[in-house]
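Chemist: Provided below: coords16.cif, containing mmCIF, C-alpha atoms.
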```cif
data_query
loop_
_atom_site.label_atom_id
_atom_site.label_comp_id
_atom_site.auth_asym_id
_atom_site.auth_seq_id
_atom_site.Cartn_x
_atom_site.Cartn_y
_atom_site.Cartn_z
CA PRO F 1 95.40 251.66 46.55
CA ARG F 2 93.45 249.18 48.62
CA GLY F 3 90.66 247.48 46.72
CA ARG F 4 92.11 248.20 43.26
CA ARG F 5 93.73 245.27 41.50
CA ALA F 6 97.12 246.08 39.98
CA ASP F 7 96.31 244.02 36.88
CA SER F 8 93.07 245.90 36.16
CA PRO F 9 93.05 248.95 33.81
CA ARG F 10 92.57 251.37 36.71
CA GLY F 11 95.04 249.43 38.82
CA ARG F 12 97.70 249.77 36.16
CA GLY F 13 96.86 253.47 36.01
CA SER F 14 97.51 253.66 39.75
CA VAL F 15 100.95 252.07 39.37
CA ARG F 16 101.84 254.46 36.54
CA ALA F 17 100.61 257.43 38.56
CA ARG F 18 102.82 256.52 41.52
CA ALA F 19 105.90 256.28 39.29
CA GLY F 20 105.16 259.61 37.62
CA ASN F 21 104.46 261.39 40.89
CA GLU F 22 107.63 260.04 42.47
CA ALA F 23 109.57 261.47 39.53
CA ALA F 24 107.92 264.86 40.16
CA ARG F 25 108.79 264.68 43.86
CA ARG F 26 112.45 263.95 43.10
CA ALA F 27 112.61 266.84 40.62
CA ALA F 28 111.12 269.22 43.19
CA VAL F 29 113.58 268.16 45.89
CA LYS F 30 116.50 268.41 43.46
CA GLU F 31 115.51 271.99 42.67
CA ASN F 32 114.96 272.89 46.32
CA PRO F 33 116.10 270.40 49.03
CA ASP F 34 113.96 272.20 51.62
CA LYS F 35 110.77 271.98 49.59
CA LYS F 36 107.95 270.27 51.50
CA THR F 37 105.24 270.14 48.83
CA TYR F 38 105.08 269.52 45.09
CA ASP F 39 102.50 269.15 42.33
CA GLU F 40 101.42 265.58 41.59
CA PRO F 41 101.05 265.61 37.78
CA LEU F 42 99.28 262.25 37.44
CA SER F 43 96.31 260.54 39.02
CA PRO F 44 95.13 256.93 38.49
CA ASP F 45 91.91 258.12 36.86
CA TYR F 46 93.81 260.46 34.53
CA CYS F 47 96.10 257.61 33.44
CA TYR F 48 93.09 255.37 32.83
CA ASP F 49 91.24 258.02 30.83
CA ARG F 50 94.26 258.74 28.62
CA VAL F 51 94.34 255.08 27.59
CA ALA F 52 90.57 254.60 27.40
CA ARG F 53 90.18 257.59 25.07
CA ALA F 54 93.05 256.65 22.78
CA PRO F 55 91.95 256.61 19.12
CA GLY F 56 93.37 253.17 18.44
CA ARG F 57 96.17 250.87 19.44
CA VAL F 58 98.37 252.18 22.25
CA ALA F 59 102.07 251.27 22.14
CA GLY F 60 104.80 251.87 24.67
CA TYR F 61 107.66 250.68 26.80
CA VAL F 62 108.33 250.11 30.48
CA VAL F 63 111.55 250.03 32.49
CA ARG F 64 111.79 247.88 35.62
CA GLU F 65 114.46 247.05 38.15
CA LYS F 66 116.70 244.29 36.89
CA ARG F 67 116.77 242.47 40.21
CA GLY F 68 114.78 242.25 43.39
CA GLU F 69 111.13 243.26 43.23
CA LYS F 70 111.51 244.56 39.66
CA ARG F 71 109.61 247.70 40.56
CA LEU F 72 108.48 250.03 37.81
CA GLN F 73 111.08 252.70 37.04
CA GLY F 74 109.54 254.30 34.00
CA PHE F 75 106.91 254.03 31.27
CA ILE F 76 105.83 255.73 28.07
CA LEU F 77 102.62 255.34 26.06
CA VAL F 78 102.22 256.69 22.52
CA HIS F 79 99.47 256.74 19.90
CA GLU F 80 98.01 258.90 17.14
CA PHE F 81 97.20 262.41 18.29
CA ALA F 82 93.51 262.88 19.04
CA ALA F 83 91.28 265.61 20.44
CA LEU F 84 87.63 266.10 21.27
CA ALA F 85 87.23 269.52 19.61
CA ARG F 86 86.65 269.51 15.86
CA SER F 87 87.47 273.23 15.84
CA LEU F 88 91.04 272.74 17.13
CA VAL F 89 93.48 275.06 15.35
CA PHE F 90 97.26 275.23 15.66
CA ASP F 91 98.25 278.90 15.70
CA SER F 92 101.22 280.12 17.71
CA HIS F 93 100.52 283.78 16.91
CA ASP F 94 96.98 283.89 18.25
CA PRO F 95 97.04 285.72 21.62
CA ALA F 96 94.45 283.30 22.97
CA ALA F 97 96.83 280.41 22.34
CA THR F 98 99.57 281.68 24.64
CA PHE F 99 97.64 283.56 27.32
CA GLY F 100 98.07 281.93 30.69
CA SER F 101 100.21 279.11 29.37
CA TYR F 102 103.54 279.91 30.99
CA GLY F 103 102.81 280.68 34.64
CA SER F 104 105.38 278.37 36.25
CA ASP F 105 104.08 279.32 39.69
CA GLY F 106 100.65 277.93 38.86
CA SER F 107 99.09 281.35 38.29
CA VAL F 108 97.16 280.10 35.27
CA GLN F 109 95.27 277.74 37.56
CA ARG F 110 94.44 280.66 39.83
CA VAL F 111 92.85 282.99 37.30
CA PHE F 112 89.49 282.48 38.93
CA HIS F 113 90.72 281.61 42.43
CA GLN F 114 92.51 283.41 45.19
CA GLY F 115 94.62 281.56 47.75
CA ASP F 116 93.22 278.36 49.27
CA ASP F 117 90.71 277.93 46.42
CA VAL F 118 88.77 281.06 47.32
CA PRO F 119 86.83 281.86 44.12
CA VAL F 120 87.25 285.18 42.35
CA THR F 121 83.76 286.62 42.10
CA THR F 122 83.74 290.38 41.48
CA ALA F 123 84.58 292.04 38.17
CA ALA F 124 87.51 293.87 39.77
CA GLU F 125 88.96 290.60 41.10
CA ILE F 126 88.65 288.93 37.71
CA VAL F 127 90.45 291.80 35.98
CA LYS F 128 93.22 291.76 38.59
CA ALA F 129 93.67 287.99 38.34
CA THR F 130 93.65 288.09 34.54
CA ASP F 131 96.30 290.82 34.48
CA ALA F 132 98.49 288.76 36.81
CA VAL F 133 98.31 285.75 34.50
CA ALA F 134 99.05 287.93 31.47
CA ARG F 135 102.22 289.25 33.14
CA ALA F 136 103.36 285.75 34.12
CA SER F 137 102.70 284.49 30.60
CA LYS F 138 104.70 287.29 29.01
CA ASP F 139 107.64 287.00 31.40
CA ASP F 140 108.02 283.23 31.16
CA ALA F 141 107.56 283.19 27.38
CA THR F 142 110.94 284.87 26.96
CA SER F 143 112.74 282.02 28.70
CA ARG F 144 110.92 279.11 27.02
CA ALA F 145 111.36 277.36 23.68
CA VAL F 146 108.41 278.56 21.60
CA ASP F 147 107.25 278.37 17.99
CA ALA F 148 108.21 282.00 17.40
CA ASP F 149 107.98 282.01 13.59
CA GLY F 150 104.86 279.85 13.45
CA CYS F 151 106.47 277.16 11.27
CA LEU F 152 105.61 274.32 13.63
CA ALA F 153 102.01 275.45 13.91
CA LYS F 154 101.78 275.61 10.12
CA LEU F 155 103.11 272.04 9.84
CA LEU F 156 100.65 270.72 12.40
CA GLN F 157 97.70 272.65 10.97
CA GLY F 158 98.40 271.19 7.53
CA SER F 159 98.46 267.62 8.82
CA PRO F 160 95.42 265.58 7.70
CA ARG F 161 92.73 264.86 10.27
CA GLU F 162 89.72 262.56 10.39
CA VAL F 163 86.77 261.88 12.67
CA ARG F 164 86.46 258.45 14.29
CA SER F 165 84.09 256.86 16.75
CA ALA F 166 85.50 257.00 20.26
CA ALA F 167 86.36 253.70 21.87
CA ARG F 168 84.37 254.82 24.87
CA GLY F 169 81.59 257.37 24.62
CA ASP F 170 81.26 259.81 27.52
CA ALA F 171 79.91 263.23 28.39
CA PHE F 172 82.04 264.80 25.65
CA GLY F 173 80.42 262.77 22.87
CA ASP F 174 81.07 259.65 20.84
CA ASP F 175 83.54 261.05 18.31
CA LEU F 176 87.24 261.85 18.30
CA VAL F 177 89.22 263.98 15.87
CA VAL F 178 92.38 262.06 14.95
CA TRP F 179 95.58 263.21 13.24
CA PRO F 180 97.05 259.96 11.78
CA ARG F 181 100.39 261.58 10.93
CA LEU F 182 101.01 263.09 14.38
CA LEU F 183 102.44 260.96 17.17
CA GLU F 184 101.32 261.84 20.68
CA ILE F 185 103.08 260.97 23.92
CA SER F 186 100.01 260.15 25.93
CA LEU F 187 101.69 259.34 29.24
CA LEU F 188 105.28 259.46 30.46
CA GLY F 189 106.65 258.92 33.93
CA ALA F 190 110.22 257.95 34.72
CA LEU F 191 112.81 257.90 37.49
CA GLY F 192 115.83 259.04 35.50
CA CYS F 193 115.10 257.16 32.28
CA GLY F 194 112.56 259.49 30.64
CA ALA F 195 114.86 260.71 27.90
CA ARG F 196 115.79 257.14 26.92
CA LEU F 197 112.13 256.14 26.75
CA CYS F 198 111.26 259.11 24.54
CA LYS F 199 114.17 258.53 22.20
CA ARG F 200 113.35 254.82 21.88
CA ALA F 201 109.70 255.51 21.09
CA LEU F 202 110.67 258.12 18.48
CA GLN F 203 113.36 255.90 16.98
CA ASP F 204 110.87 253.09 16.39
CA ARG F 205 108.11 255.31 14.93
CA ALA F 206 109.79 258.31 13.30
CA ARG F 207 109.20 257.04 9.77
CA ASP F 208 105.44 256.69 10.32
CA TYR F 209 104.76 260.22 11.62
CA ASP F 210 105.50 263.81 10.67
CA ALA F 211 105.74 265.32 14.15
CA LEU F 212 105.56 264.60 17.86
CA VAL F 213 102.99 266.34 20.05
CA LEU F 214 102.12 266.22 23.73
CA GLN F 215 100.65 268.22 26.58
CA ALA F 216 103.30 268.92 29.20
CA THR F 217 102.76 269.63 32.86
CA ARG F 218 104.43 272.78 34.18
CA SER F 219 107.15 270.79 35.93
CA ALA F 220 107.98 268.80 32.77
CA VAL F 221 108.33 271.67 30.29
CA GLY F 222 112.07 272.04 30.84
CA PHE F 223 112.63 268.31 30.35
CA TYR F 224 110.86 268.27 26.99
CA GLU F 225 112.78 271.35 25.88
CA THR F 226 116.03 269.45 26.38
CA LEU F 227 114.71 266.93 23.83
CA GLY F 228 114.22 269.69 21.27
CA LEU F 229 110.49 270.30 21.67
CA ALA F 230 108.93 273.77 21.61
CA ARG F 231 105.57 275.16 22.61
CA VAL F 232 103.01 275.51 19.84
CA GLY F 233 99.80 277.51 20.31
CA THR F 234 96.42 275.82 20.02
CA VAL F 235 92.95 277.32 19.99
CA ALA F 236 89.68 275.38 20.11
#
```
For the file at hand, write its structure as structure tokens.
Modeler:
Amino acid sequence: PRGRRADSPRGRGSVRARAGNEAARRAAVKENPDKKTYDEPLSPDYCYDRVARAPGRVAGYVVREKRGEKRLQGFILVHEFAALARSLVFDSHDPAATFGSYGSDGSVQRVFHQGDDVPVTTAAEIVKATDAVARASKDDATSRAVDADGCLAKLLQGSPREVRSAARGDAFGDDLVVWPRLLEISLLGALGCGARLCKRALQDRARDYDALVLQATRSAVGFYETLGLARVGTVA
């Protein structure tokens, strides 16, 4: 974007966002060649915040064109898993952990909105919208890789956690809850090389961590499932 240096933290976030959003566009067109719109999963500010709020050192890899302009083709950033809520619990059997999490059509984002961002205001509208999300959650859950027996949630819940001072204090407070034994994929965007980036990051750090965690966008869930990941419920 004009006025934002590419070598500044927010500028680098802008470059990463463009690569990630181009990957989302290609995936949407591959699924439906006639599709005119798609969800942009990343924004420059989101990329910047993910790095700024990291609990410690951020590691990663980038892939660039071998010749020519050497444009960015992919990137991955990893660090210890961290969250703002001290009350975070991993529980795949808690109904609150799975409600509204599977709506591939974006229905979870529309619980309190009708079309064109018209807010849901009456009690009847809220009940109707909530029921719609519940149905979408239940239907999609049957076709997704989930932590059905709760073993993954038990592993994550038993992982040690500690409270650290945030690198950058903000409206959410000055502390972060950090899980030193859980590796988080903080950001990933790639044009055909995402799987290689993930496997390389895991290969280099598998001995230092007990599990890999991340928050996937709707459009990326299928990709992560091909790598063997499954959805685990969380409640805060």
Chemist: Check which residues of stretch 150-214 of chain F sit at most 9 Å from stretch 70-80 of chain F using only C-alpha atoms, and return one row each with the closest pair of atoms and their distance in Å to one decimal, ordered by chain and rising number, as a tab-separated table.
Modeler:
```
residue	atom	partner	partner_atom	distance
F:Val178	CA	F:Glu80	CA	6.8
F:Trp179	CA	F:Glu80	CA	6.3
F:Pro180	CA	F:Glu80	CA	5.5
F:Arg181	CA	F:Glu80	CA	7.2
F:Leu182	CA	F:Glu80	CA	5.8
F:Leu183	CA	F:Glu80	CA	4.9
F:Glu184	CA	F:His79	CA	5.5
F:Ile185	CA	F:Val78	CA	4.6
F:Ser186	CA	F:Val78	CA	5.3
F:Leu187	CA	F:Leu77	CA	5.2
F:Leu188	CA	F:Ile76	CA	4.5
F:Gly189	CA	F:Gly74	CA	5.4
F:Ala190	CA	F:Gly74	CA	3.8
F:Leu191	CA	F:Gln73	CA	5.5
F:Gly192	CA	F:Gly74	CA	8.0
F:Cys193	CA	F:Gly74	CA	6.5
F:Gly194	CA	F:Gly74	CA	6.9
F:Leu197	CA	F:Ile76	CA	6.4
F:Cys198	CA	F:Ile76	CA	7.3
F:Ala201	CA	F:Val78	CA	7.7
F:Tyr209	CA	F:Glu80	CA	8.8
```
Chemist: Go ahead and dump the residues you just picked, C-alpha atoms, as a PDB file, in the frame of the given file.
Modeler:
```
ATOM      1  CA  VAL F 178      92.380 262.060  14.950  1.00  0.00           C
ATOM      2  CA  TRP F 179      95.580 263.210  13.240  1.00  0.00           C
ATOM      3  CA  PRO F 180      97.050 259.960  11.780  1.00  0.00           C
ATOM      4  CA  ARG F 181     100.390 261.580  10.930  1.00  0.00           C
ATOM      5  CA  LEU F 182     101.010 263.090  14.380  1.00  0.00           C
ATOM      6  CA  LEU F 183     102.440 260.960  17.170  1.00  0.00           C
ATOM      7  CA  GLU F 184     101.320 261.840  20.680  1.00  0.00           C
ATOM      8  CA  ILE F 185     103.080 260.970  23.920  1.00  0.00           C
ATOM      9  CA  SER F 186     100.010 260.150  25.930  1.00  0.00           C
ATOM     10  CA  LEU F 187     101.690 259.340  29.240  1.00  0.00           C
ATOM     11  CA  LEU F 188     105.280 259.460  30.460  1.00  0.00           C
ATOM     12  CA  GLY F 189     106.650 258.920  33.930  1.00  0.00           C
ATOM     13  CA  ALA F 190     110.220 257.950  34.720  1.00  0.00           C
ATOM     14  CA  LEU F 191     112.810 257.900  37.490  1.00  0.00           C
ATOM     15  CA  GLY F 192     115.830 259.040  35.500  1.00  0.00           C
ATOM     16  CA  CYS F 193     115.100 257.160  32.280  1.00  0.00           C
ATOM     17  CA  GLY F 194     112.560 259.490  30.640  1.00  0.00           C
ATOM     18  CA  LEU F 197     112.130 256.140  26.750  1.00  0.00           C
ATOM     19  CA  CYS F 198     111.260 259.110  24.540  1.00  0.00           C
ATOM     20  CA  ALA F 201     109.700 255.510  21.090  1.00  0.00           C
ATOM     21  CA  TYR F 209     104.760 260.220  11.620  1.00  0.00           C
TER      22      TYR F 209
END
```
Chemist: Between atom CA of F:Ala166 and atom CA of F:Arg218, what is the spacing in Å?
Modeler: 28.3 Å
Chemist: Grab the atom CA of F:Lys30 to atom CA of F:Glu225 distance for me, in Å with one decimal place.
Modeler: 18.2 Å
Chemist: Would you work out the distance separating atom CA of F:Arg144 from atom CA of F:Tyr224, expressed in Å to one decimal?
Modeler: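 According to the coordinates, atom CA of F:Arg144 and atom CA of F:Tyr224 are separated by 10.8 Å.
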Chemist: Expand the PyMOL selection byres ((chain F and resi 88-92) around 6) into the explicit residue set it covers here, and present it as a list in words.
Modeler: Ala85, Arg86, Ser87, His93, Asp94, Gly150, Ala153, Gln157, Val232, Gly233, Thr234, Val235 and Ala236 of chain F
Chemist: Which residues are close to F:Leu84, i.e. within 10 Å by only C-alpha atoms, leaving aside same-chain residues fewer than 5 positions away? Reply as a compact mmCIF listing (two decimals) with C-alpha atoms, keeping the file's coordinate frame.
Modeler:
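Done, and the output landed in selection.txt:
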```txt
# COMPACT_ATOMS: atom_id res chain seq x y z
CA ARG F 53 90.18 257.59 25.07
CA VAL F 163 86.77 261.88 12.67
CA ALA F 166 85.50 257.00 20.26
CA PHE F 172 82.04 264.80 25.65
CA GLY F 173 80.42 262.77 22.87
CA ASP F 174 81.07 259.65 20.84
CA ASP F 175 83.54 261.05 18.31
CA LEU F 176 87.24 261.85 18.30
CA VAL F 177 89.22 263.98 15.87
CA VAL F 178 92.38 262.06 14.95
CA ALA F 236 89.68 275.38 20.11
```
Chemist: Up to 6 Å from (108.5, 275.0, 21.1) in the file's coordinates: name the residues, counting all atoms listed in the file, as a short mmCIF file (atom, residue, chain, number, x, y, z; two decimals) with C-alpha atoms, in the coordinates of the input.
Modeler:
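Written output follows (part21.cif):
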```cif
data_model
loop_
_atom_site.label_atom_id
_atom_site.label_comp_id
_atom_site.auth_asym_id
_atom_site.auth_seq_id
_atom_site.Cartn_x
_atom_site.Cartn_y
_atom_site.Cartn_z
CA ALA F 145 111.36 277.36 23.68
CA VAL F 146 108.41 278.56 21.60
CA ASP F 147 107.25 278.37 17.99
CA LEU F 229 110.49 270.30 21.67
CA ALA F 230 108.93 273.77 21.61
CA ARG F 231 105.57 275.16 22.61
CA VAL F 232 103.01 275.51 19.84
#
```
Chemist: From the list F:Asp149, F:Leu212, F:Ala83, F:Asp34, which residue is nearest F:Arg50 when using only C-alpha atoms?
Modeler: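 Checking each candidate against F:Arg50, we get F:Ala83 as the closest.
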Chemist: Choose the residue, out of F:Glu69, F:Asp45, F:Ala82, F:Gly60, that has the smallest atom-to-atom separation from F:Glu162; count all atoms listed in the file.
Modeler: F:Ala82
Chemist: Return as JSON the centre and edge lengths, in Å with one decimal, of the box along x, y and z that encloses every atom of stretch 147-163 of chain F in the file, padded by 3 Å per side.
Modeler:
```
{"center_x": 97.5, "center_y": 271.9, "center_z": 12.8, "size_x": 27.4, "size_y": 26.1, "size_z": 16.5}
```
